[in-house]
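Just input.txt here, compact mmCIF, C-alpha atoms:
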```
# COMPACT_ATOMS: atom_id res chain seq x y z
CA MET A 22 20.14 119.05 123.30
CA HIS A 23 20.79 117.70 126.77
CA ASN A 24 22.89 120.77 127.65
CA ASP A 25 20.18 123.01 126.26
CA ASP A 26 17.70 121.48 128.67
CA ILE A 27 20.04 122.08 131.60
CA ASN A 28 20.69 125.66 130.56
CA LYS A 29 16.99 126.34 130.05
CA GLU A 30 16.22 124.91 133.48
CA LEU A 31 18.87 127.20 134.99
CA ARG A 32 17.65 130.20 133.04
CA ASP A 33 14.14 129.65 134.33
CA LEU A 34 15.33 129.27 137.90
CA ALA A 35 18.11 131.85 138.16
CA PRO A 36 19.10 133.71 134.98
CA GLY A 37 21.95 135.47 136.79
CA LEU A 38 23.72 132.19 137.50
CA GLU A 39 23.61 131.10 133.86
CA LYS A 40 25.88 133.99 132.92
CA LEU A 41 28.55 132.88 135.43
CA LYS A 42 28.53 129.32 134.29
CA GLY A 43 31.21 129.17 131.61
CA ASP A 44 34.18 130.26 133.68
CA ASN A 45 36.30 127.85 135.70
CA PRO A 46 38.07 129.88 138.38
CA PHE A 47 40.20 126.96 139.57
CA GLN A 48 43.58 126.18 138.08
CA VAL A 49 46.06 123.35 138.21
CA PRO A 50 49.88 123.54 138.17
CA ALA A 51 51.33 123.61 134.68
CA GLY A 52 51.57 120.16 133.07
CA TYR A 53 49.59 118.56 135.89
CA PHE A 54 47.34 116.37 133.75
CA GLU A 55 50.31 115.19 131.69
CA THR A 56 52.02 113.77 134.78
CA LEU A 57 48.95 112.58 136.68
CA PRO A 58 48.72 109.12 134.98
CA GLU A 59 52.33 108.40 135.94
CA SER A 60 51.71 109.49 139.56
CA ILE A 61 48.66 107.21 139.69
CA ASN A 62 50.61 104.27 138.27
CA ASN A 63 53.39 104.84 140.82
CA ARG A 64 50.84 104.83 143.61
CA ILE A 65 49.22 101.66 142.28
CA HIS A 66 52.59 99.89 142.25
CA SER A 67 53.66 101.17 145.66
CA THR A 68 50.30 100.11 147.12
CA SER A 69 50.54 96.60 145.72
CA SER A 70 54.19 96.13 146.75
CA SER A 71 53.58 97.43 150.30
CA LYS A 72 50.62 95.08 150.52
CA LYS A 73 52.83 92.12 149.63
CA GLY A 74 55.39 93.17 152.25
CA ALA A 75 52.73 93.26 154.93
CA PHE A 76 51.51 89.70 154.27
CA GLY A 77 48.06 90.81 153.04
CA PHE A 78 45.61 90.53 155.93
CA PHE A 79 48.43 90.04 158.43
CA THR A 80 49.77 93.56 158.53
CA LEU A 81 52.51 94.16 161.07
CA PRO A 82 50.25 95.66 163.81
CA ARG A 83 47.71 92.86 163.33
CA LEU A 84 50.47 90.28 163.49
CA ALA A 85 51.75 91.78 166.76
CA ILE A 86 48.25 91.82 168.28
CA ILE A 87 47.54 88.23 167.25
CA THR A 88 50.91 86.99 168.57
CA THR A 89 50.39 88.76 171.91
CA ALA A 90 46.88 87.33 172.22
CA VAL A 91 48.12 83.80 171.50
CA LEU A 92 50.94 84.13 174.07
CA LEU A 93 48.54 85.47 176.71
CA LEU A 94 46.14 82.60 176.08
CA ALA A 95 48.99 80.09 176.32
CA PHE A 96 50.17 81.54 179.66
CA ALA A 97 46.61 81.67 181.00
CA GLY A 98 46.10 78.05 179.96
CA TYR A 99 49.35 76.98 181.63
CA PHE A 100 48.47 78.68 184.94
CA PHE A 101 44.96 77.27 184.79
CA TYR A 102 46.47 73.83 184.30
CA LEU A 103 48.72 74.31 187.35
CA GLN A 104 45.71 75.23 189.48
CA MET A 105 43.79 72.09 188.50
CA PRO A 106 43.78 69.19 190.98
CA ALA A 107 45.96 66.40 189.69
CA GLU A 108 43.88 63.44 188.62
CA THR A 109 45.10 60.19 187.33
CA TYR A 110 43.77 56.99 185.92
CA LEU A 111 45.19 53.89 187.48
CA THR A 112 47.77 51.83 185.69
CA GLU A 113 46.92 48.24 185.06
CA ALA A 114 49.06 47.06 187.97
CA GLU A 115 47.55 49.62 190.35
CA GLN A 116 44.07 48.70 189.17
CA GLU A 117 44.74 45.09 189.91
CA LEU A 118 46.00 45.99 193.37
CA TYR A 119 42.91 48.12 193.97
CA ASP A 120 40.57 45.42 192.80
CA ASP A 121 42.18 42.98 195.19
CA HIS A 122 41.99 45.47 198.03
CA LEU A 123 38.41 46.33 197.32
CA ALA A 124 37.52 42.70 197.17
CA TRP A 125 39.27 42.26 200.47
CA TYR A 126 37.60 45.35 201.88
CA SER A 127 34.20 44.31 200.72
CA ASN A 128 34.64 41.29 202.82
CA TYR A 129 36.31 42.76 205.85
CA GLN A 130 35.70 46.51 205.88
CA THR A 131 32.40 47.21 204.19
CA ASP A 132 32.20 50.83 205.38
CA ALA A 133 35.49 51.82 203.77
CA TYR A 134 34.49 50.05 200.56
CA TYR A 135 31.28 52.05 200.38
CA ASP A 136 33.21 55.27 201.00
CA ILE A 137 35.28 54.63 197.89
CA LEU A 138 32.22 53.78 195.84
CA MET A 139 30.42 56.90 197.16
CA ASP A 140 33.28 59.06 195.92
CA ASN A 141 33.09 57.55 192.43
CA GLY A 142 29.43 56.68 192.07
CA PHE A 143 27.87 53.33 192.77
CA ASP A 144 27.46 52.31 189.17
CA THR A 145 31.06 53.06 188.24
CA GLU A 146 33.02 50.12 186.93
CA PHE A 147 36.29 49.49 188.69
CA SER A 148 38.19 50.05 185.48
CA GLU A 149 36.64 53.54 185.22
CA LEU A 150 37.34 54.65 188.77
CA VAL A 151 39.15 57.96 188.95
CA PHE A 152 41.26 58.69 191.98
CA GLU A 153 43.02 61.77 193.22
CA GLU A 154 46.71 61.09 192.81
CA ASP A 155 47.42 61.98 196.45
CA ASP A 156 44.60 59.70 197.60
CA VAL A 157 46.07 56.82 195.63
CA LEU A 158 49.45 57.23 197.29
CA GLU A 159 47.90 57.67 200.70
CA TYR A 160 45.74 54.63 200.15
CA LEU A 161 48.62 52.48 199.02
CA LEU A 162 50.85 53.62 201.91
CA SER A 163 48.10 53.24 204.52
CA TYR A 164 47.17 49.77 203.54
CA THR A 165 50.57 48.36 202.64
CA GLY A 166 50.76 46.86 206.07
CA TYR A 167 47.37 45.24 205.70
CA TYR A 168 48.33 44.04 202.29
CA LEU A 169 51.46 42.44 203.63
CA ASP A 170 49.65 40.89 206.52
CA PHE A 171 46.47 39.95 204.69
CA PRO A 172 47.04 39.75 201.00
CA PRO A 173 43.92 39.12 198.93
CA ASP A 174 45.12 35.62 198.28
CA ALA A 175 45.14 35.10 201.99
CA ALA A 176 41.56 36.34 202.15
CA ASP A 177 40.61 33.72 199.62
CA ASP A 178 42.32 31.18 201.73
CA ILE A 179 40.36 32.35 204.79
CA TRP A 180 37.07 32.02 202.95
CA MET B 133 42.20 109.42 123.52
CA GLU B 134 38.47 110.10 123.64
CA HIS B 135 37.85 107.83 120.66
CA TYR B 136 37.86 104.71 122.87
CA SER B 137 34.39 103.90 124.11
CA ASP B 138 33.95 102.52 127.65
CA GLU B 139 33.13 99.10 126.20
CA GLN B 140 36.32 99.10 124.15
CA LEU B 141 38.39 100.12 127.17
CA LEU B 142 36.87 97.40 129.32
CA ASP B 143 37.34 94.85 126.58
CA LEU B 144 40.98 95.89 126.21
CA PHE B 145 41.47 95.73 129.98
CA HIS B 146 39.93 92.28 130.39
CA ASN B 147 41.16 90.58 127.25
CA SER B 148 44.50 92.05 126.29
CA ASP B 149 47.93 90.99 127.51
CA ASN B 150 48.57 94.45 128.82
CA PRO B 151 45.79 95.68 131.13
CA ASN B 152 48.11 98.50 132.27
CA TYR B 153 47.87 100.03 128.83
CA ALA B 154 44.06 99.89 128.87
CA PHE B 155 43.96 101.36 132.36
CA ASN B 156 46.27 104.16 131.29
CA LEU B 157 43.84 105.00 128.52
CA LEU B 158 41.02 104.99 131.04
CA ILE B 159 42.93 107.39 133.31
CA LYS B 160 43.60 109.73 130.44
CA LYS B 161 39.95 109.66 129.39
CA TYR B 162 38.50 110.42 132.80
CA GLN B 163 41.20 112.10 134.87
CA GLU B 164 40.04 115.65 134.20
CA LYS B 165 36.36 114.97 134.84
CA VAL B 166 37.18 113.19 138.08
CA TYR B 167 39.66 115.86 139.10
CA TRP B 168 37.25 118.77 138.64
CA HIS B 169 34.42 116.96 140.34
CA VAL B 170 36.60 116.36 143.41
CA ARG B 171 38.26 119.77 143.28
CA ARG B 172 34.94 121.59 143.50
CA LEU B 173 34.10 119.58 146.58
CA VAL B 174 37.37 119.82 148.52
CA ILE B 175 38.68 123.09 146.94
CA ASP B 176 42.38 122.51 147.68
CA HIS B 177 44.53 121.23 144.80
CA GLU B 178 46.85 119.07 146.92
CA ASP B 179 43.92 117.37 148.67
CA THR B 180 42.25 116.86 145.31
CA ASN B 181 45.41 115.36 143.82
CA ASP B 182 45.61 112.90 146.68
CA ILE B 183 41.94 111.91 146.40
CA VAL B 184 42.02 111.55 142.61
CA GLN B 185 44.98 109.17 142.86
CA ASP B 186 43.10 107.14 145.48
CA VAL B 187 40.05 107.03 143.20
CA PHE B 188 42.05 105.50 140.36
CA VAL B 189 43.89 103.11 142.67
CA LYS B 190 40.49 101.84 143.85
CA ALA B 191 39.28 101.63 140.28
CA TRP B 192 42.38 99.59 139.34
CA LYS B 193 41.83 97.19 142.21
CA ASN B 194 38.16 96.67 141.42
CA LEU B 195 37.95 96.98 137.67
CA ASP B 196 38.24 93.25 137.07
CA ARG B 197 35.05 92.84 139.12
CA PHE B 198 33.25 95.71 137.38
CA ARG B 199 30.36 94.21 135.44
CA ALA B 200 29.28 97.30 133.51
CA GLU B 201 25.78 97.28 135.00
CA SER B 202 26.27 101.01 135.40
CA GLY B 203 28.44 103.03 133.04
CA LEU B 204 32.17 103.24 133.68
CA PHE B 205 31.86 106.98 134.00
CA THR B 206 29.02 106.67 136.55
CA TRP B 207 31.05 104.13 138.51
CA LEU B 208 34.11 106.39 138.63
CA TYR B 209 31.98 109.36 139.68
CA ARG B 210 30.51 107.31 142.48
CA ILE B 211 33.97 106.33 143.76
CA ALA B 212 35.15 109.92 143.45
CA THR B 213 32.13 111.30 145.33
CA ASN B 214 32.55 108.75 148.12
CA GLU B 215 36.26 109.44 148.43
CA ALA B 216 35.70 113.20 148.58
CA LEU B 217 32.97 112.82 151.21
CA THR B 218 35.13 110.43 153.22
CA PHE B 219 37.91 113.00 153.13
CA LEU B 220 35.62 115.82 154.32
CA ASN B 221 34.09 113.64 157.03
CA SER B 222 37.51 112.54 158.24
CA LYS B 223 38.40 116.21 158.65
CA LYS B 224 35.28 116.73 160.74
CA ARG B 225 36.03 113.67 162.86
CA ARG B 226 39.74 114.35 163.23
CA PHE B 227 39.23 117.84 164.57
CA PHE B 228 35.78 117.31 166.13
CA ILE B 229 34.41 120.19 164.17
CA PRO B 230 30.88 120.77 162.86
CA TRP B 231 30.13 121.11 159.15
CA HIS B 232 29.93 124.93 159.16
CA ASP B 233 33.52 125.03 160.38
CA VAL B 234 34.61 122.76 157.55
CA GLU B 235 32.79 125.18 155.27
CA ASN B 236 34.76 128.06 156.86
CA THR B 237 38.01 126.19 156.38
CA LEU B 238 37.20 125.57 152.73
CA THR B 239 36.25 129.23 152.28
CA GLN B 240 39.57 130.29 153.80
CA LYS B 241 41.37 127.96 151.43
CA LEU B 242 39.55 129.65 148.60
CA GLU B 243 40.92 133.02 149.77
CA THR B 244 44.50 131.79 149.96
CA ASP B 245 44.55 129.23 147.15
CA ALA B 246 47.34 130.01 144.70
CA HIS B 247 45.49 127.97 142.10
CA PHE B 248 42.30 130.03 142.26
CA SER B 249 42.16 132.71 139.63
CA GLY B 250 38.54 133.79 139.74
CA ASN B 251 37.40 137.42 140.08
CA GLU B 252 35.30 138.68 142.98
CA ILE B 253 32.03 137.52 141.53
CA GLN B 254 33.47 134.05 140.90
CA LYS B 255 34.79 133.94 144.45
CA LYS B 256 31.35 134.95 145.70
CA LEU B 257 29.77 132.19 143.64
CA GLN B 258 32.14 129.62 145.10
CA LYS B 259 31.44 130.87 148.64
CA ALA B 260 27.72 130.61 147.93
CA ILE B 261 28.16 127.02 146.79
CA LEU B 262 30.24 126.25 149.89
CA SER B 263 27.42 127.57 152.08
CA LEU B 264 25.11 124.80 150.82
CA PRO B 265 24.57 121.62 152.82
CA GLU B 266 26.94 118.86 151.72
CA LYS B 267 24.51 116.84 149.61
CA GLN B 268 22.97 119.89 147.95
CA ARG B 269 26.46 121.05 147.08
CA ILE B 270 27.23 117.78 145.34
CA VAL B 271 23.93 117.90 143.45
CA PHE B 272 24.47 121.52 142.45
CA ASN B 273 28.01 120.84 141.16
CA MET B 274 26.96 117.77 139.23
CA ARG B 275 24.18 119.60 137.44
CA TYR B 276 25.60 123.12 137.14
CA TYR B 277 29.22 122.30 136.25
CA ASP B 278 29.31 118.66 135.13
CA GLU B 279 25.95 118.91 133.35
CA LEU B 280 24.87 115.41 134.35
CA LYS B 281 21.37 114.16 133.67
CA TYR B 282 19.18 113.53 136.70
CA GLU B 283 19.15 109.88 135.68
CA GLU B 284 22.96 109.67 135.89
CA MET B 285 23.02 111.58 139.17
CA SER B 286 20.42 109.18 140.51
CA GLN B 287 22.69 106.21 139.75
CA ILE B 288 25.71 107.87 141.32
CA LEU B 289 24.01 109.12 144.47
CA ASP B 290 21.39 106.40 144.92
CA THR B 291 18.68 109.02 145.20
CA SER B 292 15.44 109.37 143.26
CA GLU B 293 15.38 111.76 140.31
CA GLY B 294 12.51 113.71 141.88
CA ALA B 295 14.47 114.28 145.08
CA LEU B 296 17.53 115.36 143.10
CA LYS B 297 15.50 117.79 141.04
CA ALA B 298 14.02 119.36 144.17
CA SER B 299 17.43 119.50 145.79
CA TYR B 300 18.97 121.21 142.76
CA HIS B 301 16.17 123.78 142.53
CA HIS B 302 16.58 124.65 146.23
CA ALA B 303 20.33 124.91 145.80
CA VAL B 304 20.06 127.20 142.78
CA LYS B 305 17.73 129.53 144.66
CA LYS B 306 20.03 129.65 147.68
CA VAL B 307 23.11 130.32 145.59
CA GLU B 308 21.32 133.06 143.68
CA ASP B 309 20.19 134.71 146.93
CA TYR B 310 23.70 134.52 148.37
CA VAL B 311 25.27 136.11 145.29
CA LYS B 312 22.68 138.89 145.29
CA ASN B 313 22.85 139.67 149.00
CA HIS B 314 26.53 139.35 149.95
```

If you convert what's in this file into structure tokens, what do you get?
Amino acid sequence: MHNDDINKELRDLAPGLEKLKGDNPFQVPAGYFETLPESINNRIHSTSSSKKGAFGFFTLPRLAIITTAVLLLAFAGYFFYLQMPAETYLTEAEQELYDDHLAWYSNYQTDAYYDILMDNGFDTEFSELVFEEDDVLEYLLSYTGYYLDFPPDAADDIW
Amino acid sequence: MEHYSDEQLLDLFHNSDNPNYAFNLLIKKYQEKVYWHVRRLVIDHEDTNDIVQDVFVKAWKNLDRFRAESGLFTWLYRIATNEALTFLNSKKRRFFIPWHDVENTLTQKLETDAHFSGNEIQKKLQKAILSLPEKQRIVFNMRYYDELKYEEMSQILDTSEGALKASYHHAVKKVEDYVKNH
């Protein structure tokens, strides 16, 4: 019934084409459809085994791209780190020394004391002060003499 | 083999210990329909063989997610149509050629194809079909050769039945004119 409708439609539209309809001019090699299921099954198995070998999402090219990207990022990070100014937080002993010196400075050299506070912000606690590593060394070396001559304890004694 | 309904095949695939067996039955049931649908679109047997295998590999990979909202047959036809179109489009992209050159290539294949046994009038009919725009060609083949209902074609091609009917009528007229005038 359904085919009759289709044929009637075609007959109404183009009767000449209806006559050509039955013939299939294409051919397949002999025995093709008997072997096709086996070929399909082989392809299914080869596809799934090659997928396993390539680690699923991480196929070999993807793996190479990801590894290269990670290495590049690591190198870039390392060079960026080298370019950064070295900063350090003071150790407890250094902090103590600084506190003493600042106390001493606040009494004897107010300008220098304010310079240090200006660099770090006036509301910064001593324990939170951040110093450039080179500045710390320079500071310690510069004022060792003062320290020896006028240790903070001595300042207390003076006052 | 035809005595298994789609529901029985799906049930066997999902619930038996041997889904391979059920899938083999499915291949045997639909391989010829899928093959001829693709063959009429890409003409060459070797290309068709390759595409048909891909169609069933995709079906195997996705069958456990198939929920039978559309028929199994409709679903397979949709995969087959998409695979054939992807193949033709990849040819266009790979060689940067327009559609009419793909049509020429397919026509040349028709001339040299060892697996084409049609007489002159059959060859002319195939050339006429190849001269149609891609979508019209698919619609024509589905209706003229595969004898699908417009409703089924609508599900496969995601196009309204009215548009498909119009497309088929245009295609039939063009093919008839070509056969008469060439």

What residues in chain B have any atom no more than 9 Å from chain A when counting all atoms listed in the file, and can you write them as a CSV table (one decimal) with C-alpha atoms, in the frame of the given file?
```
chain,number,residue,atom,x,y,z
B,152,ASN,CA,48.1,98.5,132.3
B,156,ASN,CA,46.3,104.2,131.3
B,159,ILE,CA,42.9,107.4,133.3
B,160,LYS,CA,43.6,109.7,130.4
B,163,GLN,CA,41.2,112.1,134.9
B,164,GLU,CA,40.0,115.6,134.2
B,168,TRP,CA,37.2,118.8,138.6
B,171,ARG,CA,38.3,119.8,143.3
B,172,ARG,CA,34.9,121.6,143.5
B,175,ILE,CA,38.7,123.1,146.9
B,177,HIS,CA,44.5,121.2,144.8
B,181,ASN,CA,45.4,115.4,143.8
B,184,VAL,CA,42.0,111.6,142.6
B,185,GLN,CA,45.0,109.2,142.9
B,186,ASP,CA,43.1,107.1,145.5
B,188,PHE,CA,42.0,105.5,140.4
B,189,VAL,CA,43.9,103.1,142.7
B,190,LYS,CA,40.5,101.8,143.8
B,192,TRP,CA,42.4,99.6,139.3
B,193,LYS,CA,41.8,97.2,142.2
B,246,ALA,CA,47.3,130.0,144.7
B,247,HIS,CA,45.5,128.0,142.1
B,248,PHE,CA,42.3,130.0,142.3
B,249,SER,CA,42.2,132.7,139.6
B,250,GLY,CA,38.5,133.8,139.7
B,251,ASN,CA,37.4,137.4,140.1
B,253,ILE,CA,32.0,137.5,141.5
B,254,GLN,CA,33.5,134.0,140.9
B,255,LYS,CA,34.8,133.9,144.4
B,257,LEU,CA,29.8,132.2,143.6
B,258,GLN,CA,32.1,129.6,145.1
B,275,ARG,CA,24.2,119.6,137.4
B,276,TYR,CA,25.6,123.1,137.1
B,277,TYR,CA,29.2,122.3,136.2
B,279,GLU,CA,26.0,118.9,133.4
B,280,LEU,CA,24.9,115.4,134.4
B,281,LYS,CA,21.4,114.2,133.7
B,301,HIS,CA,16.2,123.8,142.5
B,304,VAL,CA,20.1,127.2,142.8
B,305,LYS,CA,17.7,129.5,144.7
B,307,VAL,CA,23.1,130.3,145.6
B,308,GLU,CA,21.3,133.1,143.7
B,311,VAL,CA,25.3,136.1,145.3
```

Dig up all the protein and nucleic acid residues within 10 Å of (18.8, 111.7, 138.5) in the file frame, using only C-alpha atoms, and format them as a PDB file with C-alpha atoms, in the coordinates of the input.
```
ATOM      1  CA  VAL B 271      23.930 117.900 143.450  1.00  0.00           C
ATOM      2  CA  ARG B 275      24.180 119.600 137.440  1.00  0.00           C
ATOM      3  CA  LEU B 280      24.870 115.410 134.350  1.00  0.00           C
ATOM      4  CA  LYS B 281      21.370 114.160 133.670  1.00  0.00           C
ATOM      5  CA  TYR B 282      19.180 113.530 136.700  1.00  0.00           C
ATOM      6  CA  GLU B 283      19.150 109.880 135.680  1.00  0.00           C
ATOM      7  CA  GLU B 284      22.960 109.670 135.890  1.00  0.00           C
ATOM      8  CA  MET B 285      23.020 111.580 139.170  1.00  0.00           C
ATOM      9  CA  SER B 286      20.420 109.180 140.510  1.00  0.00           C
ATOM     10  CA  GLN B 287      22.690 106.210 139.750  1.00  0.00           C
ATOM     11  CA  ILE B 288      25.710 107.870 141.320  1.00  0.00           C
ATOM     12  CA  LEU B 289      24.010 109.120 144.470  1.00  0.00           C
ATOM     13  CA  ASP B 290      21.390 106.400 144.920  1.00  0.00           C
ATOM     14  CA  THR B 291      18.680 109.020 145.200  1.00  0.00           C
ATOM     15  CA  SER B 292      15.440 109.370 143.260  1.00  0.00           C
ATOM     16  CA  GLU B 293      15.380 111.760 140.310  1.00  0.00           C
ATOM     17  CA  GLY B 294      12.510 113.710 141.880  1.00  0.00           C
ATOM     18  CA  ALA B 295      14.470 114.280 145.080  1.00  0.00           C
ATOM     19  CA  LEU B 296      17.530 115.360 143.100  1.00  0.00           C
ATOM     20  CA  LYS B 297      15.500 117.790 141.040  1.00  0.00           C
TER      21      LYS B 297
END
```

Name all residues at most 12 Å from His135 of chain B (count only C-alpha atoms; drop same-chain ones fewer than 5 positions away) and give them as a list in words.
Gln140, Leu141, Leu157, Leu158, Lys160 and Lys161 of chain B

| Just how far from atom CA of Leu173 of chain B is atom CA of Phe198 of chain B, in Å to one decimal? |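 Between atom CA of Phe198 of chain B and atom CA of Leu173 of chain B the gap is 25.6 Å.
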
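Atom pair atom CA of Ser222 of chain B / atom CA of Val170 of chain B: separated by 15.3 Å.
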